[in-house]
Each structure stands twice: as structure tokens, then as C-alpha cells.
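Coordinates as given in structure-v4.txt (compact mmCIF, C-alpha atoms):
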# COMPACT_ATOMS: atom_id res chain seq x y z
CA MET M 1 218.80 45.08 114.49
CA ILE M 2 215.83 42.69 114.83
CA ALA M 3 214.33 44.11 111.65
CA ARG M 4 217.63 43.50 109.84
CA ILE M 5 217.64 39.85 110.97
CA ALA M 6 213.98 39.39 110.02
CA ILE M 7 214.67 40.76 106.51
CA ASP M 8 217.67 38.45 106.07
CA VAL M 9 215.70 35.41 107.23
CA LEU M 10 212.75 36.20 104.95
CA LEU M 11 215.04 36.73 101.96
CA ALA M 12 216.89 33.48 102.73
CA ILE M 13 213.57 31.59 102.83
CA ALA M 14 212.52 33.12 99.50
CA VAL M 15 215.83 32.24 97.82
CA LEU M 16 215.87 28.71 99.26
CA VAL M 17 212.30 27.98 98.21
CA THR M 18 212.90 29.29 94.69
CA VAL M 19 216.17 27.44 94.11
CA LEU M 20 214.84 24.14 95.52
CA SER M 21 211.68 24.43 93.42
CA ALA M 22 213.74 25.03 90.29
CA ILE M 23 215.86 21.96 91.06
CA GLY M 24 212.67 19.95 91.67
CA LEU M 25 211.34 21.14 88.33
CA ALA M 26 214.42 19.82 86.57
CA VAL M 27 214.39 16.51 88.45
CA MET M 28 210.73 15.54 87.93
CA ARG M 29 209.91 13.45 84.85
CA ASP M 30 206.21 14.08 84.17
CA VAL M 31 204.68 17.42 83.10
CA TYR M 32 202.00 17.19 85.80
CA GLN M 33 204.70 16.67 88.42
CA LYS M 34 206.75 19.57 87.07
CA LEU M 35 203.75 21.91 87.17
CA HIS M 36 203.53 21.60 90.96
CA PHE M 37 206.92 23.24 91.38
CA ILE M 38 205.88 26.61 89.92
CA ALA M 39 203.60 27.29 92.89
CA PRO M 40 206.13 27.66 95.79
CA PRO M 41 208.12 30.58 94.28
CA ALA M 42 204.90 32.30 93.16
CA SER M 43 203.33 32.02 96.61
CA ILE M 44 205.88 31.56 99.42
CA GLY M 45 208.76 33.30 97.62
CA ALA M 46 206.76 36.35 96.60
CA ILE M 47 205.05 36.70 99.99
CA CYS M 48 208.37 36.47 101.85
CA ILE M 49 209.87 39.21 99.65
CA VAL M 50 206.83 41.46 100.18
CA ALA M 51 207.01 40.86 103.95
CA ALA M 52 210.72 41.76 103.91
CA LEU M 53 209.92 44.93 101.95
CA LEU M 54 207.16 45.78 104.42
CA ILE M 55 209.69 45.63 107.24
CA GLY M 56 212.62 47.32 105.52
CA GLU M 57 211.22 49.77 102.97
CA LYS M 58 210.06 53.22 104.01
CA GLN M 59 208.46 54.12 100.66
CA LYS M 60 204.95 52.71 100.71
CA GLN M 61 204.63 53.04 96.93
CA ALA M 62 207.36 50.43 96.45
CA VAL M 63 205.68 48.06 98.90
CA GLY M 64 202.36 48.55 97.08
CA LYS M 65 203.91 47.68 93.72
CA ALA M 66 205.63 44.64 95.18
CA ALA M 67 202.35 43.50 96.73
CA LEU M 68 200.65 43.92 93.35
CA ILE M 69 203.32 41.74 91.70
CA ALA M 70 202.89 39.09 94.41
CA PHE M 71 199.12 39.24 93.91
CA PHE M 72 199.47 38.71 90.15
CA LEU M 73 201.96 35.88 90.54
CA TYR M 74 199.84 34.14 93.17
CA PHE M 75 196.50 34.20 91.35
CA MET M 76 197.68 33.93 87.74
CA ASN M 77 199.83 30.93 88.60
CA ALA M 78 196.71 28.85 89.20
CA VAL M 79 195.25 29.87 85.81
CA ILE M 80 198.40 29.21 83.83
CA THR M 81 199.00 25.88 85.57
CA HIS M 82 195.51 24.74 84.65
CA ALA M 83 195.93 25.93 81.04
CA THR M 84 199.24 24.08 80.68
CA ALA M 85 197.91 20.86 82.23
CA ARG M 86 194.89 21.05 79.95
CA ALA M 87 197.09 21.57 76.89
CA HIS M 88 199.14 18.53 77.85
CA TYR M 89 196.02 16.45 78.38
CA VAL M 90 194.61 17.45 74.98
CA ARG M 91 197.92 16.61 73.30
CA GLU M 92 197.92 13.18 74.94
CA LYS M 93 194.22 12.21 74.70
CA GLY M 94 193.03 14.47 71.89
CA THR M 95 189.90 15.83 73.62
CA TRP M 96 188.68 18.12 76.39
CA PRO M 97 186.68 17.66 78.58
CA PRO M 98 187.65 14.03 79.20
CA LYS M 99 185.09 11.47 78.04
CA GLU M 100 185.70 9.00 80.83
CA LYS M 101 185.65 9.97 84.48
CA LEU M 102 189.15 10.82 85.75
CA GLU M 103 190.35 8.61 88.57
CA VAL M 104 193.06 9.26 91.10
CA VAL M 105 195.81 6.69 90.71
CA ASP M 106 196.27 4.80 93.96
CA GLN M 107 199.98 4.29 94.61
CA MET J 1 226.52 44.98 98.17
CA ASN J 2 223.42 44.74 100.34
CA ALA J 3 221.24 41.77 101.33
CA TRP J 4 218.77 42.42 98.49
CA LEU J 5 221.45 42.18 95.81
CA ILE J 6 222.92 39.03 97.41
CA ALA J 7 219.43 37.49 97.45
CA ALA J 8 218.96 38.48 93.79
CA ALA J 9 222.26 36.80 92.89
CA GLY J 10 221.26 33.66 94.81
CA MET J 11 217.85 33.58 93.21
CA SER J 12 219.42 33.91 89.77
CA LEU J 13 220.87 30.42 90.30
CA SER J 14 217.33 29.07 89.96
CA LEU J 15 217.46 30.04 86.28
CA VAL J 16 220.01 27.28 85.56
CA PRO J 17 217.62 24.33 86.19
CA CYS J 18 214.92 26.25 84.28
CA ALA J 19 217.29 26.56 81.31
CA VAL J 20 218.03 22.83 81.52
CA VAL J 21 214.29 22.06 81.40
CA CYS J 22 213.81 24.48 78.48
CA LEU J 23 216.61 22.81 76.51
CA ARG J 24 215.46 19.22 77.08
CA GLY J 25 212.18 17.29 76.95
CA GLY J 26 208.98 17.77 75.00
CA PRO J 27 207.22 21.02 74.05
CA VAL J 28 205.01 21.14 77.15
CA ASP J 29 208.01 20.43 79.42
CA ARG J 30 209.74 23.41 77.84
CA LEU J 31 206.66 25.56 78.36
CA VAL J 32 206.66 24.68 82.07
CA GLY J 33 210.34 25.69 82.21
CA LEU J 34 209.48 29.00 80.55
CA GLU J 35 206.68 29.70 83.03
CA MET J 36 209.00 28.97 85.94
CA THR J 37 211.61 31.29 84.40
CA ALA J 38 209.06 34.13 84.22
CA VAL J 39 208.17 33.73 87.91
CA CYS J 40 211.83 33.56 89.01
CA ASN J 41 212.80 36.52 86.84
CA SER J 42 209.96 38.64 88.26
CA LEU J 43 211.21 37.95 91.78
CA VAL J 44 214.84 38.65 90.80
CA LEU J 45 213.82 42.00 89.26
CA LEU J 46 211.85 42.81 92.42
CA LEU J 47 214.94 42.18 94.53
CA LEU J 48 217.15 44.18 92.16
CA ALA J 49 214.74 47.14 92.27
CA GLU J 50 214.97 47.22 96.05
CA GLY J 51 218.72 46.58 96.02
CA PHE J 52 219.39 49.54 93.72
CA GLN J 53 216.77 51.71 95.48
CA ARG J 54 214.96 52.57 92.23
CA THR J 55 211.17 52.58 92.52
CA LEU J 56 210.90 52.77 88.73
CA PHE J 57 212.42 49.29 88.37
CA TYR J 58 209.37 47.77 90.11
CA ASP J 59 207.41 48.48 86.93
CA VAL J 60 209.76 46.22 84.97
CA ALA J 61 209.05 43.34 87.35
CA LEU J 62 205.32 44.07 87.16
CA SER J 63 205.42 44.11 83.36
CA LEU J 64 207.29 40.81 83.24
CA ALA J 65 204.80 39.19 85.64
CA LEU J 66 201.88 40.27 83.43
CA LEU J 67 203.53 39.47 80.09
CA GLY J 68 204.81 36.12 81.36
CA PHE J 69 201.25 35.18 82.26
CA GLY J 70 199.88 36.26 78.88
CA GLY J 71 202.71 34.59 76.98
CA GLY J 72 202.28 31.33 78.87
CA LEU J 73 198.56 31.27 78.12
CA VAL J 74 199.15 31.92 74.42
CA PHE J 75 201.78 29.19 74.22
CA ALA J 76 199.51 26.73 76.06
CA ARG J 77 196.67 27.45 73.65
CA PHE J 78 199.02 27.13 70.67
CA LEU J 79 200.40 23.79 71.85
CA GLU J 80 196.87 22.55 72.54
CA ARG J 81 195.54 23.37 69.08
CA TRP J 82 198.23 23.30 66.46
CA LEU J 83 201.39 21.53 67.54
Structure re-expressed in C-alpha cells:
Amino acid sequence: MIARIAIDVLLAIAVLVTVLSAIGLAVMRDVYQKLHFIAPPASIGAICIVAALLIGEKQKQAVGKAALIAFFLYFMNAVITHATARAHYVREKGTWPPKEKLEVVDQ
Amino acid sequence: MNAWLIAAAGMSLSLVPCAVVCLRGGPVDRLVGLEMTAVCNSLVLLLLAEGFQRTLFYDVALSLALLGFGGGLVFARFLERWL
């Protein structure tokens, strides 16, 4: 019974995080802002699903494959985010690495 | 209908904002939408594999995660150089 509740809660967290991140992606205006919203589903969402599988699934092979998918999503997300941000920067400024030192904009 | 399939159906809703981003904005905005779609679809396929109790379906999710990464990198490189 407790395992059932834990699985439901973990799945609800994963769904909520993914849907809210997708909405945030659509709402944000800038590419750099949009890029931040890929990370929550790839990290929190995937880990919650793997944790739910770990509790509910008896076949360890399935859990292993799910963990491998979560691993790929988690680590490749950083690479692809950097590549996309770099592509956007090159399209805007025309060069990489940047000639001038990048500064954090103080709000 | 078990909890996994309900979660898969709920997570599928996240594809609607991704489609909106892919249909509007500049090329890089659309690429970000595509990357988000690949992540969401991998998770949906993961949930469907567990919901239908088919271990073989996990390979589909794994393939999509890998190909989505490769495709995103190729698109980013293409947008950076030629478009």
C-alpha cells in the first residue's frame, strides 16, 4: 500500500515538473531563457520515474534500462544545451569564442 | 488503465507547448522546442513501456534519447554554420 502511494506521488511529481517546464518553455521569450526549461524534465522527471520503477518493478533489467535512459538524458542535456546556446550566440554575434569578456547583466 | 498509463497520458500534454514553440519563433527557438520534445517523448515512452509491461519497449525510449541528442547536436551545428 505504501509502495503504491510512493509510486503515485513520484509519477505525479514527474508529470507536474514536465508539464510546467513545457509551459515555461512556451512562455519565455529569449532562447537562453527557454534553454533552462529543458533541464527539469531531464533530471527531476527522469529520476522520479526511475525511482518509481525501482519501487514497483520486479524485473531488474527494466530498471537498468530506465536508469540508462535517465543517465543519458541527464548528462547529454548539458552538452546539447551548451551547443544550442553557442549556436545562438554565433548567429547573433558572428564569432566564437567571444572577443570581449562576457559580463553578467545586473538586473 | 494503471497509474503508468495515466502518467503517460498526462505527460503527453507537455507536447502541446513544445509544438507551439516549434511552430512559432526563430530557428533556434524551434530547435529548443524540438530538444524538449525529444526529452518529453523519451519519458512518455518509458512510462508506456512500464504501463504495457513490455521490456522490449524500453529500447525504443533508449533509442529516442540517443537519437534526439545526436539530432539536436547536428541541428545546432547546422544553424551555427550555414543558416
- Please, which residues of chain M lie no more than 6 Å from chain J when the count uses only C-alpha atoms, and can they be set out as JSON, numbers by chain? {"M": [15, 19, 22, 23, 26, 31, 38, 62, 69, 84, 87]}
- Query: What is the atom CA of M:Tyr74 to atom CA of M:Val50 distance in Å?
  - Reply: 12.3 Å
- Note on the structure: Using all atoms listed in the file, the shortest atom-to-atom distance to M:Ser21 among M:Thr95, M:Thr81, M:Gln59, M:Gln33 belongs to M:Gln33
- Å distance separating atom CA of M:Ala66 from atom CA of M:Gly45, one decimal place: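 Going from atom CA of M:Ala66 over to atom CA of M:Gly45 covers 12.0 Å.
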For stretch 37-48 of chain M, what centre and edge lengths in Å (one decimal) does the axis-aligned box get once 4 Å is added on each side of all its listed atoms, as AutoDock Vina command-line options?
--center_x 206.0 --center_y 30.0 --center_z 95.9 --size_x 13.4 --size_y 21.5 --size_z 19.9
- What does the distance from atom CA of M:Met1 to atom CA of J:Leu5 come to in Å, to one decimal? 19.1 Å
Will you model N, CA and C atoms for stretch 23-59 of chain J and pass it back as a short mmCIF file (atom, residue, chain, number, x, y, z; two decimals), keeping the file's coordinate frame?
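Listed below is the output, rebuild.cif:
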data_model
loop_
_atom_site.label_atom_id
_atom_site.label_comp_id
_atom_site.auth_asym_id
_atom_site.auth_seq_id
_atom_site.Cartn_x
_atom_site.Cartn_y
_atom_site.Cartn_z
N LEU J 23 215.78 23.36 77.59
CA LEU J 23 216.61 22.81 76.51
C LEU J 23 216.36 21.33 76.27
N ARG J 24 215.69 20.65 77.22
CA ARG J 24 215.46 19.22 77.08
C ARG J 24 213.96 18.93 77.17
N GLY J 25 213.57 17.72 76.79
CA GLY J 25 212.18 17.29 76.95
C GLY J 25 211.27 17.73 75.83
N GLY J 26 209.97 17.46 76.02
CA GLY J 26 208.98 17.77 75.00
C GLY J 26 208.55 19.22 75.04
N PRO J 27 207.66 19.61 74.12
CA PRO J 27 207.22 21.02 74.05
C PRO J 27 206.54 21.51 75.33
N VAL J 28 205.71 20.68 75.94
CA VAL J 28 205.01 21.14 77.15
C VAL J 28 205.98 21.24 78.32
N ASP J 29 206.97 20.33 78.39
CA ASP J 29 208.01 20.43 79.42
C ASP J 29 208.74 21.78 79.29
N ARG J 30 209.04 22.14 78.07
CA ARG J 30 209.74 23.41 77.84
C ARG J 30 208.88 24.61 78.22
N LEU J 31 207.57 24.48 77.98
CA LEU J 31 206.66 25.56 78.36
C LEU J 31 206.62 25.73 79.88
N VAL J 32 206.63 24.61 80.60
CA VAL J 32 206.66 24.68 82.07
C VAL J 32 207.94 25.37 82.53
N GLY J 33 209.07 25.03 81.90
CA GLY J 33 210.34 25.69 82.21
C GLY J 33 210.27 27.19 81.97
N LEU J 34 209.63 27.57 80.88
CA LEU J 34 209.48 29.00 80.55
C LEU J 34 208.63 29.72 81.59
N GLU J 35 207.55 29.08 82.01
CA GLU J 35 206.68 29.70 83.03
C GLU J 35 207.43 29.88 84.34
N MET J 36 208.20 28.87 84.71
CA MET J 36 209.00 28.97 85.94
C MET J 36 210.03 30.09 85.82
N THR J 37 210.62 30.22 84.64
CA THR J 37 211.61 31.29 84.40
C THR J 37 210.98 32.67 84.58
N ALA J 38 209.74 32.83 84.09
CA ALA J 38 209.06 34.13 84.22
C ALA J 38 208.82 34.48 85.69
N VAL J 39 208.41 33.49 86.48
CA VAL J 39 208.17 33.73 87.91
C VAL J 39 209.48 34.10 88.61
N CYS J 40 210.53 33.30 88.36
CA CYS J 40 211.83 33.56 89.01
C CYS J 40 212.39 34.92 88.60
N ASN J 41 212.28 35.24 87.31
CA ASN J 41 212.80 36.52 86.84
C ASN J 41 212.05 37.70 87.45
N SER J 42 210.73 37.56 87.62
CA SER J 42 209.96 38.64 88.26
C SER J 42 210.47 38.89 89.68
N LEU J 43 210.72 37.80 90.41
CA LEU J 43 211.21 37.95 91.78
C LEU J 43 212.62 38.54 91.81
N VAL J 44 213.47 38.11 90.87
CA VAL J 44 214.84 38.65 90.80
C VAL J 44 214.79 40.15 90.51
N LEU J 45 213.93 40.57 89.58
CA LEU J 45 213.82 42.00 89.26
C LEU J 45 213.28 42.80 90.44
N LEU J 46 212.38 42.17 91.21
CA LEU J 46 211.85 42.81 92.42
C LEU J 46 212.98 43.07 93.42
N LEU J 47 213.82 42.05 93.60
CA LEU J 47 214.94 42.18 94.53
C LEU J 47 215.97 43.21 94.02
N LEU J 48 216.20 43.22 92.72
CA LEU J 48 217.15 44.18 92.16
C LEU J 48 216.64 45.61 92.31
N ALA J 49 215.33 45.81 92.11
CA ALA J 49 214.74 47.14 92.27
C ALA J 49 214.95 47.67 93.68
N GLU J 50 214.77 46.80 94.66
CA GLU J 50 214.97 47.22 96.05
C GLU J 50 216.45 47.39 96.34
N GLY J 51 217.28 46.49 95.78
CA GLY J 51 218.72 46.58 96.02
C GLY J 51 219.33 47.85 95.48
N PHE J 52 218.87 48.31 94.32
CA PHE J 52 219.39 49.54 93.72
C PHE J 52 218.61 50.79 94.15
N GLN J 53 217.58 50.58 94.97
CA GLN J 53 216.77 51.71 95.48
C GLN J 53 216.14 52.54 94.36
N ARG J 54 215.63 51.88 93.34
CA ARG J 54 214.96 52.57 92.23
C ARG J 54 213.51 52.08 92.17
N THR J 55 212.59 52.96 92.52
CA THR J 55 211.17 52.58 92.52
C THR J 55 210.68 52.28 91.10
N LEU J 56 211.31 52.95 90.12
CA LEU J 56 210.90 52.77 88.73
C LEU J 56 211.10 51.33 88.26
N PHE J 57 212.10 50.65 88.81
CA PHE J 57 212.42 49.29 88.37
C PHE J 57 211.31 48.30 88.75
N TYR J 58 210.48 48.66 89.73
CA TYR J 58 209.37 47.77 90.11
C TYR J 58 208.41 47.56 88.93
N ASP J 59 208.31 48.59 88.09
CA ASP J 59 207.41 48.48 86.93
C ASP J 59 207.89 47.42 85.95
#
